[in-house]
Amino acid sequence: MNLLLFATTVLIWGATWIAIAFQVGPVPVLVSVFYRFALAGAVYLLLLAALGRLRLPSRRDQPWVVAQALCLFCLNFLCFYASARYIPSGLLSVVFSLASIFNAVNARIFFGDAISARTVLAAALGAGGVALLFGGDLAQTEAAGTLRGLALAGLGTMFFSLGNMVSRRNSAAGLPPSIATAWGMAYGALALAGLIALTGTPVVAPPDARYLGALLYLALPGSVLAFTTYLLMVARIGSSRAAYATVLFPIVALILSTLFEGYVWHWTGFVGLGLAMLGNVVMFARVPRRPVPAQP
């Protein structure tokens, strides 16, 4: 079961980054993210209602569902969509793959989980890999845009990690991931609608078939299905181990970025990707336990 959840999450989310890039254009970021989660939330709630599994979270859990909504279905994606204006979608996925390290640090802060020496090594490898991947772009005249995209991607990953911490709390409190996800998407859409109204952002209709196709993919398999499988993994194996799925996202995302965005590979890109992925592998490598000597 865990393997099926893992594979589904990797394949679906690996392709969402190019779909996000397809939505960058005449539709404001706020509106694009609102479309995604308004559609996803409505479908998810209707699906749970049809299955007879829809219920409201308790009053005690409501603030935590709102917090999960803001971190996982609102603020993080505002950052990711804005970042896609400045950097290729494949590189954006590499930054996101460092979520495993963010999760380890946040699990230490919020739950007291220990940070091991290999976590520090994994962070160093990941940071070095990202530096190599973005080093060439940062050395060019348009470095400001690349730096802005990198910062937005990092901030989005931080929000995603904080959402993982809230999801871990919700699961421990007995709130099913499907309920938290469905209402979280709906609350996220409401928050985005409020931001649209507050900022006076124009609501632009989907401009073409490519945008609409990307929206449908992001809202249905990319949100309803993949978030469910991912948060089920968080509940079953923990936030740190679940984030190991992000190790494989860049492979799928960079292949698609090469095919559809014309991403050009250099040797620094291969080495950087290798280091970033190695950092995640180190993060979750199994350490053999020392045998306990028998007592005389």
# chains A, B, ... in the order shown; residues from 1 in each chain; ligands from 1
>>> residues_around(residues="stretch 112-125 of chain A", least_positions_apart="4", cutoff="10 Å", atoms="only C-alpha atoms", output="ChimeraX atom specification")
/A:98,100-102,104-108,129-131,272,274-285
>>> residues_around(residues="A:Pro28", least_positions_apart="2", cutoff="9 Å", atoms="only C-alpha atoms", output="list in words")
Val24, Gly25, Pro26, Leu30, Val31, Ser32, Val33, Thr201, Pro202, Val203 and Val204 of chain A
>>> write_last_selection(atoms="N, CA, C and O atoms", output="JSON list (two decimals), in the first residue's frame")
[["chain", "number", "residue", "atom", "x", "y", "z"],
["A", 24, "VAL", "N", 1.09, 30.14, -16.39],
["A", 24, "VAL", "CA", 1.70, 31.47, -16.24],
["A", 24, "VAL", "C", 1.41, 32.29, -17.49],
["A", 24, "VAL", "O", 1.68, 31.85, -18.61],
["A", 25, "GLY", "N", 0.85, 33.47, -17.31],
["A", 25, "GLY", "CA", 0.52, 34.30, -18.46],
["A", 25, "GLY", "C", -0.49, 35.37, -18.12],
["A", 25, "GLY", "O", -0.36, 36.06, -17.10],
["A", 26, "PRO", "N", -1.56, 35.49, -18.93],
["A", 26, "PRO", "CA", -2.52, 36.59, -18.74],
["A", 26, "PRO", "C", -3.40, 36.47, -17.49],
["A", 26, "PRO", "O", -3.94, 37.46, -17.03],
["A", 30, "LEU", "N", -3.06, 34.92, -8.37],
["A", 30, "LEU", "CA", -4.12, 34.73, -7.39],
["A", 30, "LEU", "C", -5.32, 34.00, -7.99],
["A", 30, "LEU", "O", -5.90, 33.11, -7.37],
["A", 31, "VAL", "N", -5.68, 34.39, -9.18],
["A", 31, "VAL", "CA", -6.87, 33.82, -9.83],
["A", 31, "VAL", "C", -6.59, 32.38, -10.26],
["A", 31, "VAL", "O", -7.45, 31.49, -10.11],
["A", 32, "SER", "N", -5.40, 32.11, -10.78],
["A", 32, "SER", "CA", -5.06, 30.75, -11.20],
["A", 32, "SER", "C", -5.11, 29.79, -10.02],
["A", 32, "SER", "O", -5.64, 28.68, -10.12],
["A", 33, "VAL", "N", -4.52, 30.19, -8.90],
["A", 33, "VAL", "CA", -4.53, 29.31, -7.72],
["A", 33, "VAL", "C", -5.95, 29.16, -7.18],
["A", 33, "VAL", "O", -6.36, 28.08, -6.75],
["A", 201, "THR", "N", -7.83, 42.28, -7.67],
["A", 201, "THR", "CA", -7.25, 41.53, -8.79],
["A", 201, "THR", "C", -8.32, 41.17, -9.80],
["A", 201, "THR", "O", -9.37, 40.63, -9.44],
["A", 202, "PRO", "N", -8.11, 41.47, -11.09],
["A", 202, "PRO", "CA", -9.13, 41.14, -12.10],
["A", 202, "PRO", "C", -9.26, 39.63, -12.28],
["A", 202, "PRO", "O", -8.26, 38.91, -12.32],
["A", 203, "VAL", "N", -10.49, 39.15, -12.37],
["A", 203, "VAL", "CA", -10.76, 37.73, -12.58],
["A", 203, "VAL", "C", -10.82, 37.49, -14.09],
["A", 203, "VAL", "O", -11.78, 37.87, -14.76],
["A", 204, "VAL", "N", -9.76, 36.87, -14.61],
["A", 204, "VAL", "CA", -9.63, 36.63, -16.05],
["A", 204, "VAL", "C", -10.03, 35.19, -16.35],
["A", 204, "VAL", "O", -9.60, 34.26, -15.66]]
>>> atom_distance(atom1="atom CA of A:Thr157", atom2="atom CA of A:Leu92")
9.9 Å
>>> closest_atom_pairs(of="stretch 189-289 of chain A", to="stretch 167-173 of chain A", cutoff="10 Å", atoms="only C-alpha atoms", output="JSON lines")
{"residue": "A:Leu231", "atom": "CA", "partner": "A:Ser167", "partner_atom": "CA", "distance": 7.3}
{"residue": "A:Leu232", "atom": "CA", "partner": "A:Ser171", "partner_atom": "CA", "distance": 9.1}
{"residue": "A:Val234", "atom": "CA", "partner": "A:Arg168", "partner_atom": "CA", "distance": 6.7}
{"residue": "A:Ala235", "atom": "CA", "partner": "A:Ser171", "partner_atom": "CA", "distance": 5.9}
{"residue": "A:Arg236", "atom": "CA", "partner": "A:Ser171", "partner_atom": "CA", "distance": 9.3}
{"residue": "A:Gly238", "atom": "CA", "partner": "A:Arg168", "partner_atom": "CA", "distance": 7.4}
{"residue": "A:Ser239", "atom": "CA", "partner": "A:Arg168", "partner_atom": "CA", "distance": 6.9}
>>> residues_around(residues="stretch 256-271 of chain A", least_positions_apart="5", cutoff="7 Å", atoms="only C-alpha atoms", output="VMD selection string")
chain A and resid 18 88 to 90 132 to 133
>>> atom_distance(atom1="atom CA of A:Ala144", atom2="atom CA of A:Ser83")
12.3 Å
>>> closest_residue(among="A:Ala219, A:Asn164, A:Ile196, A:Ala253", to="A:Val65", atoms="only C-alpha atoms")
A:Asn164
>>> residues_around(residues="A:Ala19", least_positions_apart="5", cutoff="10 Å", atoms="only C-alpha atoms", output="ChimeraX atom specification")
/A:13-14,24,89,210-211,213-218,222,253,256
>>> atom_distance(atom1="atom CA of A:Ala38", atom2="atom CA of A:Ala84")
20.9 Å
>>> closest_residue(among="A:Asn2, A:Asn103, A:Gln23, A:Thr9", to="A:Ala209", atoms="only C-alpha atoms")
A:Gln23
>>> residues_around(residues="A:Leu190", least_positions_apart="3", cutoff="12 Å", atoms="only C-alpha atoms", output="ChimeraX atom specification")
/A:30-31,33-39,41-42,66,69-70,73-74,183-187,193-197
>>> closest_residue(among="A:Leu152, A:Val27, A:Leu72, A:Met165", to="A:Ala205", atoms="only C-alpha atoms")
A:Val27
>>> select_by_dssp(residues="stretch 109-201 of chain A", states="alpha helix (DSSP H)", output="VMD selection string")
chain A and resid 109 to 111 117 to 138 143 to 172 177 to 199
>>> closest_residue(among="A:Val224, A:Leu198, A:Ala180, A:Ala99", to="A:Ala67", atoms="only C-alpha atoms")
A:Ala180
>>> closest_residue(among="A:Leu147, A:Leu51, A:Leu75, A:Leu162", to="A:Phe110", atoms="only C-alpha atoms")
A:Leu162
>>> residues_around(residues="A:Cys79", least_positions_apart="2", cutoff="7 Å", atoms="only C-alpha atoms", output="ChimeraX atom specification")
/A:75-77,81-83,152-153,155-156
